[in-house]
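Undergrad: I'm passing along entry_14.pdb; it holds PDB, N, CA, C and O atoms.
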ATOM      1  N   MET S   1      -1.811 -13.325 -11.934
ATOM      2  CA  MET S   1      -2.010 -12.339 -10.892
ATOM      3  C   MET S   1      -0.688 -11.623 -10.641
ATOM      4  O   MET S   1       0.342 -12.238 -10.443
ATOM      5  N   LYS S   2      -0.740 -10.285 -10.667
ATOM      6  CA  LYS S   2       0.438  -9.466 -10.394
ATOM      7  C   LYS S   2       0.417  -9.038  -8.943
ATOM      8  O   LYS S   2      -0.620  -8.620  -8.428
ATOM      9  N   LEU S   3       1.561  -9.151  -8.279
ATOM     10  CA  LEU S   3       1.688  -8.738  -6.891
ATOM     11  C   LEU S   3       2.513  -7.462  -6.818
ATOM     12  O   LEU S   3       3.429  -7.251  -7.615
ATOM     13  N   LEU S   4       2.191  -6.621  -5.846
ATOM     14  CA  LEU S   4       2.845  -5.327  -5.700
ATOM     15  C   LEU S   4       3.313  -5.144  -4.267
ATOM     16  O   LEU S   4       2.513  -5.240  -3.334
ATOM     17  N   ASN S   5       4.603  -4.866  -4.095
ATOM     18  CA  ASN S   5       5.182  -4.619  -2.770
ATOM     19  C   ASN S   5       4.827  -3.196  -2.346
ATOM     20  O   ASN S   5       5.163  -2.235  -3.025
ATOM     21  N   ILE S   6       4.155  -3.077  -1.193
ATOM     22  CA  ILE S   6       3.764  -1.746  -0.701
ATOM     23  C   ILE S   6       4.583  -1.343   0.518
ATOM     24  O   ILE S   6       4.242  -0.398   1.201
ATOM     25  N   GLY S   7       5.658  -2.077   0.787
ATOM     26  CA  GLY S   7       6.573  -1.706   1.862
ATOM     27  C   GLY S   7       6.512  -2.610   3.069
ATOM     28  O   GLY S   7       5.461  -3.148   3.402
ATOM     29  N   PHE S   8       7.669  -2.819   3.689
ATOM     30  CA  PHE S   8       7.824  -3.569   4.931
ATOM     31  C   PHE S   8       7.293  -4.998   4.824
ATOM     32  O   PHE S   8       6.675  -5.522   5.747
ATOM     33  N   GLY S   9       7.505  -5.611   3.672
ATOM     34  CA  GLY S   9       7.099  -6.995   3.477
ATOM     35  C   GLY S   9       5.623  -7.184   3.198
ATOM     36  O   GLY S   9       5.132  -8.310   3.175
ATOM     37  N   ASN S  10       4.895  -6.108   2.960
ATOM     38  CA  ASN S  10       3.467  -6.189   2.659
ATOM     39  C   ASN S  10       3.270  -6.181   1.150
ATOM     40  O   ASN S  10       3.832  -5.333   0.448
ATOM     41  N   ILE S  11       2.459  -7.118   0.676
ATOM     42  CA  ILE S  11       2.246  -7.282  -0.760
ATOM     43  C   ILE S  11       0.749  -7.357  -1.023
ATOM     44  O   ILE S  11       0.012  -8.005  -0.280
ATOM     45  N   ILE S  12       0.308  -6.683  -2.089
ATOM     46  CA  ILE S  12      -1.102  -6.718  -2.468
ATOM     47  C   ILE S  12      -1.228  -7.207  -3.906
ATOM     48  O   ILE S  12      -0.251  -7.241  -4.661
ATOM     49  N   SER S  13      -2.440  -7.539  -4.296
ATOM     50  CA  SER S  13      -2.727  -7.901  -5.677
ATOM     51  C   SER S  13      -2.884  -6.625  -6.490
ATOM     52  O   SER S  13      -3.796  -5.822  -6.247
ATOM     53  N   ALA S  14      -2.015  -6.432  -7.464
ATOM     54  CA  ALA S  14      -2.063  -5.227  -8.292
ATOM     55  C   ALA S  14      -3.314  -5.210  -9.161
ATOM     56  O   ALA S  14      -3.793  -4.140  -9.544
ATOM     57  N   ASP S  15      -3.865  -6.370  -9.456
ATOM     58  CA  ASP S  15      -5.068  -6.451 -10.291
ATOM     59  C   ASP S  15      -6.291  -5.865  -9.590
ATOM     60  O   ASP S  15      -7.242  -5.454 -10.244
ATOM     61  N   ARG S  16      -6.289  -5.830  -8.275
ATOM     62  CA  ARG S  16      -7.439  -5.352  -7.508
ATOM     63  C   ARG S  16      -7.313  -3.885  -7.119
ATOM     64  O   ARG S  16      -8.214  -3.310  -6.526
ATOM     65  N   LEU S  17      -6.197  -3.254  -7.461
ATOM     66  CA  LEU S  17      -5.919  -1.862  -7.101
ATOM     67  C   LEU S  17      -6.666  -0.901  -8.025
ATOM     68  O   LEU S  17      -6.607  -1.036  -9.245
ATOM     69  N   ILE S  18      -7.374   0.058  -7.435
ATOM     70  CA  ILE S  18      -8.092   1.069  -8.213
ATOM     71  C   ILE S  18      -7.298   2.367  -8.266
ATOM     72  O   ILE S  18      -7.132   2.958  -9.313
ATOM     73  N   ALA S  19      -6.809   2.828  -7.091
ATOM     74  CA  ALA S  19      -6.126   4.125  -7.043
ATOM     75  C   ALA S  19      -5.100   4.150  -5.928
ATOM     76  O   ALA S  19      -5.231   3.449  -4.926
ATOM     77  N   ILE S  20      -4.082   4.996  -6.123
ATOM     78  CA  ILE S  20      -3.077   5.280  -5.099
ATOM     79  C   ILE S  20      -3.149   6.777  -4.863
ATOM     80  O   ILE S  20      -2.903   7.561  -5.783
ATOM     81  N   VAL S  21      -3.525   7.183  -3.653
ATOM     82  CA  VAL S  21      -3.715   8.604  -3.375
ATOM     83  C   VAL S  21      -2.922   9.030  -2.144
ATOM     84  O   VAL S  21      -2.585   8.214  -1.287
ATOM     85  N   SER S  22      -2.660  10.317  -2.070
ATOM     86  CA  SER S  22      -1.996  10.904  -0.915
ATOM     87  C   SER S  22      -3.024  11.111   0.196
ATOM     88  O   SER S  22      -4.154  11.509  -0.074
ATOM     89  N   PRO S  23      -2.646  10.889   1.448
ATOM     90  CA  PRO S  23      -3.605  11.019   2.552
ATOM     91  C   PRO S  23      -3.745  12.443   3.088
ATOM     92  O   PRO S  23      -4.388  12.650   4.109
ATOM     93  N   ASP S  24      -3.201  13.426   2.409
ATOM     94  CA  ASP S  24      -3.125  14.778   2.950
ATOM     95  C   ASP S  24      -4.406  15.593   2.823
ATOM     96  O   ASP S  24      -4.640  16.499   3.614
ATOM     97  N   SER S  25      -5.243  15.302   1.839
ATOM     98  CA  SER S  25      -6.437  16.131   1.646
ATOM     99  C   SER S  25      -7.553  15.724   2.610
ATOM    100  O   SER S  25      -7.635  14.581   3.056
ATOM    101  N   ALA S  26      -8.407  16.680   2.922
ATOM    102  CA  ALA S  26      -9.502  16.436   3.868
ATOM    103  C   ALA S  26     -10.471  15.347   3.396
ATOM    104  O   ALA S  26     -10.875  14.504   4.205
ATOM    105  N   PRO S  27     -10.843  15.292   2.117
ATOM    106  CA  PRO S  27     -11.750  14.221   1.695
ATOM    107  C   PRO S  27     -11.155  12.820   1.864
ATOM    108  O   PRO S  27     -11.859  11.889   2.265
ATOM    109  N   ILE S  28      -9.877  12.689   1.597
ATOM    110  CA  ILE S  28      -9.230  11.380   1.764
ATOM    111  C   ILE S  28      -9.151  11.026   3.247
ATOM    112  O   ILE S  28      -9.384   9.876   3.633
ATOM    113  N   LYS S  29      -8.849  12.013   4.081
ATOM    114  CA  LYS S  29      -8.819  11.769   5.531
ATOM    115  C   LYS S  29     -10.175  11.295   6.027
ATOM    116  O   LYS S  29     -10.260  10.375   6.851
ATOM    117  N   ARG S  30     -11.255  11.908   5.514
ATOM    118  CA  ARG S  30     -12.610  11.482   5.895
ATOM    119  C   ARG S  30     -12.885  10.061   5.412
ATOM    120  O   ARG S  30     -13.459   9.248   6.148
ATOM    121  N   MET S  31     -12.497   9.750   4.182
ATOM    122  CA  MET S  31     -12.708   8.398   3.639
ATOM    123  C   MET S  31     -11.977   7.361   4.470
ATOM    124  O   MET S  31     -12.523   6.292   4.777
ATOM    125  N   VAL S  32     -10.745   7.653   4.860
ATOM    126  CA  VAL S  32      -9.958   6.718   5.662
ATOM    127  C   VAL S  32     -10.594   6.547   7.042
ATOM    128  O   VAL S  32     -10.706   5.418   7.549
ATOM    129  N   GLN S  33     -11.022   7.631   7.657
ATOM    130  CA  GLN S  33     -11.655   7.538   8.976
ATOM    131  C   GLN S  33     -12.938   6.725   8.902
ATOM    132  O   GLN S  33     -13.204   5.891   9.785
ATOM    133  N   GLU S  34     -13.727   6.923   7.862
ATOM    134  CA  GLU S  34     -14.953   6.136   7.691
ATOM    135  C   GLU S  34     -14.629   4.659   7.489
ATOM    136  O   GLU S  34     -15.327   3.786   8.009
ATOM    137  N   ALA S  35     -13.565   4.370   6.738
ATOM    138  CA  ALA S  35     -13.146   2.986   6.522
ATOM    139  C   ALA S  35     -12.673   2.351   7.833
ATOM    140  O   ALA S  35     -12.964   1.181   8.107
ATOM    141  N   LYS S  36     -11.974   3.134   8.661
ATOM    142  CA  LYS S  36     -11.556   2.626   9.975
ATOM    143  C   LYS S  36     -12.771   2.316  10.838
ATOM    144  O   LYS S  36     -12.815   1.282  11.512
ATOM    145  N   ASP S  37     -13.771   3.193  10.801
ATOM    146  CA  ASP S  37     -14.990   2.985  11.586
ATOM    147  C   ASP S  37     -15.746   1.740  11.121
ATOM    148  O   ASP S  37     -16.316   1.014  11.934
ATOM    149  N   ARG S  38     -15.757   1.491   9.799
ATOM    150  CA  ARG S  38     -16.430   0.316   9.236
ATOM    151  C   ARG S  38     -15.604  -0.957   9.393
ATOM    152  O   ARG S  38     -16.117  -2.050   9.208
ATOM    153  N   GLY S  39     -14.314  -0.806   9.658
ATOM    154  CA  GLY S  39     -13.433  -1.969   9.751
ATOM    155  C   GLY S  39     -12.900  -2.428   8.404
ATOM    156  O   GLY S  39     -12.460  -3.561   8.255
ATOM    157  N   THR S  40     -12.911  -1.529   7.407
ATOM    158  CA  THR S  40     -12.411  -1.890   6.079
ATOM    159  C   THR S  40     -11.069  -1.233   5.757
ATOM    160  O   THR S  40     -10.623  -1.300   4.609
ATOM    161  N   ALA S  41     -10.438  -0.625   6.750
ATOM    162  CA  ALA S  41      -9.107  -0.046   6.562
ATOM    163  C   ALA S  41      -8.065  -1.043   7.051
ATOM    164  O   ALA S  41      -8.214  -1.652   8.107
ATOM    165  N   ILE S  42      -7.026  -1.218   6.253
ATOM    166  CA  ILE S  42      -5.930  -2.123   6.606
ATOM    167  C   ILE S  42      -4.676  -1.272   6.772
ATOM    168  O   ILE S  42      -4.234  -0.619   5.820
ATOM    169  N   ASP S  43      -4.117  -1.264   7.967
ATOM    170  CA  ASP S  43      -2.937  -0.457   8.266
ATOM    171  C   ASP S  43      -1.687  -1.287   8.019
ATOM    172  O   ASP S  43      -1.376  -2.201   8.771
ATOM    173  N   ALA S  44      -0.967  -0.964   6.943
ATOM    174  CA  ALA S  44       0.266  -1.665   6.593
ATOM    175  C   ALA S  44       1.474  -0.744   6.772
ATOM    176  O   ALA S  44       2.492  -0.912   6.110
ATOM    177  N   THR S  45       1.365   0.223   7.686
ATOM    178  CA  THR S  45       2.435   1.204   7.879
ATOM    179  C   THR S  45       3.501   0.750   8.867
ATOM    180  O   THR S  45       4.549   1.370   8.948
ATOM    181  N   CYS S  46       3.216  -0.273   9.631
ATOM    182  CA  CYS S  46       4.145  -0.757  10.665
ATOM    183  C   CYS S  46       4.503   0.362  11.647
ATOM    184  O   CYS S  46       5.655   0.505  12.060
ATOM    185  N   GLY S  47       3.524   1.185  12.001
ATOM    186  CA  GLY S  47       3.721   2.243  12.987
ATOM    187  C   GLY S  47       4.321   3.516  12.448
ATOM    188  O   GLY S  47       4.554   4.458  13.203
ATOM    189  N   ARG S  48       4.544   3.582  11.160
ATOM    190  CA  ARG S  48       5.128   4.790  10.575
ATOM    191  C   ARG S  48       4.025   5.704  10.043
ATOM    192  O   ARG S  48       2.855   5.355  10.040
ATOM    193  N   ARG S  49       4.425   6.860   9.560
ATOM    194  CA  ARG S  49       3.482   7.843   9.022
ATOM    195  C   ARG S  49       2.867   7.320   7.726
ATOM    196  O   ARG S  49       3.558   6.771   6.874
ATOM    197  N   THR S  50       1.567   7.522   7.566
ATOM    198  CA  THR S  50       0.883   7.111   6.337
ATOM    199  C   THR S  50       1.231   8.082   5.225
ATOM    200  O   THR S  50       1.021   9.286   5.349
ATOM    201  N   ARG S  51       1.771   7.566   4.139
ATOM    202  CA  ARG S  51       2.148   8.401   2.999
ATOM    203  C   ARG S  51       1.326   8.110   1.765
ATOM    204  O   ARG S  51       1.307   8.902   0.825
ATOM    205  N   ALA S  52       0.656   6.951   1.748
ATOM    206  CA  ALA S  52      -0.184   6.605   0.601
ATOM    207  C   ALA S  52      -1.387   5.805   1.078
ATOM    208  O   ALA S  52      -1.300   5.032   2.028
ATOM    209  N   VAL S  53      -2.506   6.021   0.408
ATOM    210  CA  VAL S  53      -3.714   5.246   0.647
ATOM    211  C   VAL S  53      -4.020   4.511  -0.650
ATOM    212  O   VAL S  53      -4.146   5.143  -1.708
ATOM    213  N   LEU S  54      -4.111   3.201  -0.565
ATOM    214  CA  LEU S  54      -4.411   2.390  -1.738
ATOM    215  C   LEU S  54      -5.875   1.979  -1.665
ATOM    216  O   LEU S  54      -6.302   1.374  -0.675
ATOM    217  N   ILE S  55      -6.615   2.327  -2.682
ATOM    218  CA  ILE S  55      -8.041   2.023  -2.727
ATOM    219  C   ILE S  55      -8.222   0.777  -3.589
ATOM    220  O   ILE S  55      -7.818   0.759  -4.754
ATOM    221  N   MET S  56      -8.828  -0.236  -2.981
ATOM    222  CA  MET S  56      -8.994  -1.521  -3.660
ATOM    223  C   MET S  56     -10.423  -1.669  -4.181
ATOM    224  O   MET S  56     -11.335  -0.988  -3.722
ATOM    225  N   ASP S  57     -10.618  -2.584  -5.111
ATOM    226  CA  ASP S  57     -11.946  -2.787  -5.686
ATOM    227  C   ASP S  57     -12.907  -3.493  -4.732
ATOM    228  O   ASP S  57     -14.097  -3.562  -4.988
ATOM    229  N   SER S  58     -12.406  -3.983  -3.612
ATOM    230  CA  SER S  58     -13.239  -4.667  -2.621
ATOM    231  C   SER S  58     -13.699  -3.716  -1.513
ATOM    232  O   SER S  58     -14.114  -4.167  -0.450
ATOM    233  N   ASP S  59     -13.607  -2.406  -1.762
ATOM    234  CA  ASP S  59     -13.974  -1.362  -0.800
ATOM    235  C   ASP S  59     -13.084  -1.389   0.441
ATOM    236  O   ASP S  59     -13.513  -1.031   1.528
ATOM    237  N   LYS S  60     -11.848  -1.819   0.278
ATOM    238  CA  LYS S  60     -10.851  -1.784   1.339
ATOM    239  C   LYS S  60      -9.895  -0.623   1.053
ATOM    240  O   LYS S  60      -9.621  -0.284  -0.100
ATOM    241  N   TYR S  61      -9.412  -0.011   2.124
ATOM    242  CA  TYR S  61      -8.432   1.061   2.028
ATOM    243  C   TYR S  61      -7.181   0.579   2.744
ATOM    244  O   TYR S  61      -7.231   0.262   3.930
ATOM    245  N   ILE S  62      -6.070   0.525   2.030
ATOM    246  CA  ILE S  62      -4.814   0.052   2.609
ATOM    247  C   ILE S  62      -3.913   1.253   2.825
ATOM    248  O   ILE S  62      -3.650   2.023   1.892
ATOM    249  N   LEU S  63      -3.432   1.418   4.050
ATOM    250  CA  LEU S  63      -2.544   2.521   4.401
ATOM    251  C   LEU S  63      -1.111   2.039   4.294
ATOM    252  O   LEU S  63      -0.754   1.005   4.853
ATOM    253  N   SER S  64      -0.289   2.797   3.583
ATOM    254  CA  SER S  64       1.106   2.422   3.377
ATOM    255  C   SER S  64       2.027   3.560   3.784
ATOM    256  O   SER S  64       1.672   4.734   3.645
ATOM    257  N   ALA S  65       3.218   3.216   4.251
ATOM    258  CA  ALA S  65       4.217   4.213   4.636
ATOM    259  C   ALA S  65       5.142   4.562   3.480
ATOM    260  O   ALA S  65       6.079   5.338   3.643
ATOM    261  N   VAL S  66       4.869   4.024   2.306
ATOM    262  CA  VAL S  66       5.680   4.288   1.116
ATOM    263  C   VAL S  66       4.981   5.372   0.289
ATOM    264  O   VAL S  66       3.752   5.394   0.196
ATOM    265  N   ASN S  67       5.760   6.262  -0.313
ATOM    266  CA  ASN S  67       5.209   7.351  -1.115
ATOM    267  C   ASN S  67       4.409   6.816  -2.304
ATOM    268  O   ASN S  67       4.775   5.789  -2.884
ATOM    269  N   PRO S  68       3.339   7.525  -2.693
ATOM    270  CA  PRO S  68       2.551   7.081  -3.850
ATOM    271  C   PRO S  68       3.380   6.957  -5.132
ATOM    272  O   PRO S  68       3.177   6.029  -5.922
ATOM    273  N   GLU S  69       4.337   7.866  -5.325
ATOM    274  CA  GLU S  69       5.176   7.819  -6.522
ATOM    275  C   GLU S  69       6.022   6.546  -6.556
ATOM    276  O   GLU S  69       6.223   5.948  -7.612
ATOM    277  N   THR S  70       6.515   6.139  -5.395
ATOM    278  CA  THR S  70       7.325   4.917  -5.309
ATOM    279  C   THR S  70       6.483   3.694  -5.633
ATOM    280  O   THR S  70       6.914   2.815  -6.390
ATOM    281  N   ILE S  71       5.282   3.643  -5.090
ATOM    282  CA  ILE S  71       4.393   2.513  -5.365
ATOM    283  C   ILE S  71       4.038   2.481  -6.844
ATOM    284  O   ILE S  71       4.040   1.419  -7.479
ATOM    285  N   ALA S  72       3.741   3.640  -7.426
ATOM    286  CA  ALA S  72       3.397   3.706  -8.850
ATOM    287  C   ALA S  72       4.564   3.255  -9.720
ATOM    288  O   ALA S  72       4.365   2.542 -10.706
ATOM    289  N   SER S  73       5.776   3.635  -9.352
ATOM    290  CA  SER S  73       6.930   3.209 -10.147
ATOM    291  C   SER S  73       7.140   1.702 -10.032
ATOM    292  O   SER S  73       7.521   1.055 -11.001
ATOM    293  N   ARG S  74       6.875   1.131  -8.867
ATOM    294  CA  ARG S  74       6.959  -0.320  -8.710
ATOM    295  C   ARG S  74       5.904  -1.012  -9.558
ATOM    296  O   ARG S  74       6.160  -2.050 -10.154
ATOM    297  N   LEU S  75       4.731  -0.414  -9.621
ATOM    298  CA  LEU S  75       3.652  -0.972 -10.431
ATOM    299  C   LEU S  75       4.022  -0.920 -11.915
ATOM    300  O   LEU S  75       3.848  -1.902 -12.637
ATOM    301  N   ASP S  76       4.555   0.221 -12.372
ATOM    302  CA  ASP S  76       4.985   0.349 -13.770
ATOM    303  C   ASP S  76       6.097  -0.629 -14.097
ATOM    304  O   ASP S  76       6.103  -1.238 -15.157
ATOM    305  N   LYS S  77       7.038  -0.795 -13.190
ATOM    306  CA  LYS S  77       8.161  -1.697 -13.392
ATOM    307  C   LYS S  77       7.666  -3.136 -13.527
ATOM    308  O   LYS S  77       8.065  -3.869 -14.418
ATOM    309  N   ASP S  78       6.759  -3.548 -12.637
ATOM    310  CA  ASP S  78       6.229  -4.901 -12.681
ATOM    311  C   ASP S  78       5.434  -5.148 -13.954
ATOM    312  O   ASP S  78       5.516  -6.219 -14.555
ATOM    313  N   CYS S  79       4.676  -4.164 -14.410
ATOM    314  CA  CYS S  79       3.879  -4.322 -15.626
ATOM    315  C   CYS S  79       4.771  -4.434 -16.850
ATOM    316  O   CYS S  79       4.515  -5.229 -17.744
ATOM    317  N   SER S  80       5.843  -3.634 -16.898
ATOM    318  CA  SER S  80       6.720  -3.692 -18.054
ATOM    319  C   SER S  80       7.481  -5.004 -18.111
ATOM    320  O   SER S  80       7.747  -5.535 -19.170
ATOM    321  N   ILE S  81       7.811  -5.587 -16.961
ATOM    322  CA  ILE S  81       8.494  -6.885 -16.931
ATOM    323  C   ILE S  81       7.546  -7.968 -17.437
ATOM    324  O   ILE S  81       7.938  -8.824 -18.214
ATOM    325  N   GLU S  82       6.289  -7.904 -17.041
ATOM    326  CA  GLU S  82       5.331  -8.910 -17.468
ATOM    327  C   GLU S  82       5.061  -8.820 -18.961
ATOM    328  O   GLU S  82       4.867  -9.828 -19.620
ATOM    329  N   GLU S  83       5.042  -7.616 -19.522
ATOM    330  CA  GLU S  83       4.808  -7.445 -20.954
ATOM    331  C   GLU S  83       5.924  -8.048 -21.785
ATOM    332  O   GLU S  83       5.689  -8.520 -22.894
ATOM    333  N   GLU S  84       7.160  -8.063 -21.262
ATOM    334  CA  GLU S  84       8.288  -8.624 -21.981
ATOM    335  C   GLU S  84       8.216 -10.139 -22.084
ATOM    336  O   GLU S  84       8.747 -10.733 -22.991
ATOM    337  N   LYS S  85       7.538 -10.780 -21.128
ATOM    338  CA  LYS S  85       7.475 -12.245 -21.112
ATOM    339  C   LYS S  85       6.613 -12.802 -22.202
ATOM    340  O   LYS S  85       5.813 -12.272 -22.808
TER     341      LYS S  85
END
Please express what this file holds, its structure, as structure tokens.

TA:
Amino acid sequence: MKLLNIGFGNIISADRLIAIVSPDSAPIKRMVQEAKDRGTAIDATCGRRTRAVLIMDSDKYILSAVNPETIASRLDKDCSIEEEK
């Protein structure tokens, strides 16, 4: 199991991650609001501005204060380290 740091000491399973998206578009904002209404949104921003929405295979939406590019680079870095082993 690969773990991915999404900021402020929050870690998720990289194997369960489907997509990392920006929260700026209207469809993503609607998806996040619907997830909040259903209780399937997890706020991992620690009170900061949401910069990335992580969509998991369990129909959970994780809100992160780290940029999507930063999370993606962490994911690439972790995958390349595992391939070397």

Undergrad: Between S:Ser22, S:Val66, S:Tyr61, S:Ile12, which one has atoms that come closest to Arg49 of chain S, using all atoms listed in the file?

TA: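 Of all the options, S:Val66 lies closest to Arg49 of chain S.
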
Undergrad: Specify the axis-aligned box that encloses all atoms of segment 47-56 of chain S listed in the file after padding of 3 Å on each side, stating its centre and edge lengths in Å to one decimal as JSON.

TA:
{"center_x": -3.1, "center_y": 3.8, "center_z": 4.2, "size_x": 22.5, "size_y": 17.0, "size_z": 24.0}

Undergrad: Tell me which residues the PyMOL selection byres ((chain S and resi 34-42) around 7) grabs here, as a list in words.

TA: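 What the PyMOL selection byres ((chain S and resi 34-42) around 7) grabs from the file is Ile28, Lys29, Arg30, Met31, Val32, Gln33, Asp43, Ala44, Thr45, Ser58, Asp59, Lys60, Tyr61, Ile62, Leu63 and Ser64 of chain S.
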
Undergrad: Using Å and a single decimal, report how far atom O of Met1 of chain S sits from atom CA of Arg48 of chain S.

TA: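 Going from atom CA of Arg48 of chain S over to atom O of Met1 of chain S covers 27.5 Å.
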
Undergrad: Expanded to explicit residues, what is the PyMOL selection byres ((chain S and resi 17) around 6) for this file, as a PyMOL selection string?

TA: chain S and resi 13-16+18-19+55-57

Undergrad: Generate the output file for the selected residues, N, CA, C and O atoms, as a CSV table (one decimal), in the coordinates of the input.

TA:
chain,number,residue,atom,x,y,z
S,13,SER,N,-2.4,-7.5,-4.3
S,13,SER,CA,-2.7,-7.9,-5.7
S,13,SER,C,-2.9,-6.6,-6.5
S,13,SER,O,-3.8,-5.8,-6.2
S,14,ALA,N,-2.0,-6.4,-7.5
S,14,ALA,CA,-2.1,-5.2,-8.3
S,14,ALA,C,-3.3,-5.2,-9.2
S,14,ALA,O,-3.8,-4.1,-9.5
S,15,ASP,N,-3.9,-6.4,-9.5
S,15,ASP,CA,-5.1,-6.5,-10.3
S,15,ASP,C,-6.3,-5.9,-9.6
S,15,ASP,O,-7.2,-5.5,-10.2
S,16,ARG,N,-6.3,-5.8,-8.3
S,16,ARG,CA,-7.4,-5.4,-7.5
S,16,ARG,C,-7.3,-3.9,-7.1
S,16,ARG,O,-8.2,-3.3,-6.5
S,18,ILE,N,-7.4,0.1,-7.4
S,18,ILE,CA,-8.1,1.1,-8.2
S,18,ILE,C,-7.3,2.4,-8.3
S,18,ILE,O,-7.1,3.0,-9.3
S,19,ALA,N,-6.8,2.8,-7.1
S,19,ALA,CA,-6.1,4.1,-7.0
S,19,ALA,C,-5.1,4.2,-5.9
S,19,ALA,O,-5.2,3.4,-4.9
S,55,ILE,N,-6.6,2.3,-2.7
S,55,ILE,CA,-8.0,2.0,-2.7
S,55,ILE,C,-8.2,0.8,-3.6
S,55,ILE,O,-7.8,0.8,-4.8
S,56,MET,N,-8.8,-0.2,-3.0
S,56,MET,CA,-9.0,-1.5,-3.7
S,56,MET,C,-10.4,-1.7,-4.2
S,56,MET,O,-11.3,-1.0,-3.7
S,57,ASP,N,-10.6,-2.6,-5.1
S,57,ASP,CA,-11.9,-2.8,-5.7
S,57,ASP,C,-12.9,-3.5,-4.7
S,57,ASP,O,-14.1,-3.6,-5.0

Undergrad: Assign secondary structure with DSSP using the backbone only, and return the residues of chain S in helix (DSSP H, G or I) as an NGL selection string.

TA: :S and (14-16 or 26-38 or 68-84)

Undergrad: Report, in Å to a single decimal, how far apart atom O of Asp76 of chain S and atom CA of Pro23 of chain S are.

TA: 23.6 Å

Undergrad: Separation of atom CA of Lys2 of chain S and atom CA of Asp24 of chain S, in Å?

TA: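 Atom CA of Asp24 of chain S lies 27.9 Å from atom CA of Lys2 of chain S.
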
Undergrad: Can you list, as a PyMOL selection string, all residues belonging to segment 11-80 of chain S that DSSP tags as strand (DSSP E or B)?

TA: chain S and resi 11-13+17-21+41-43+52-56+61-64
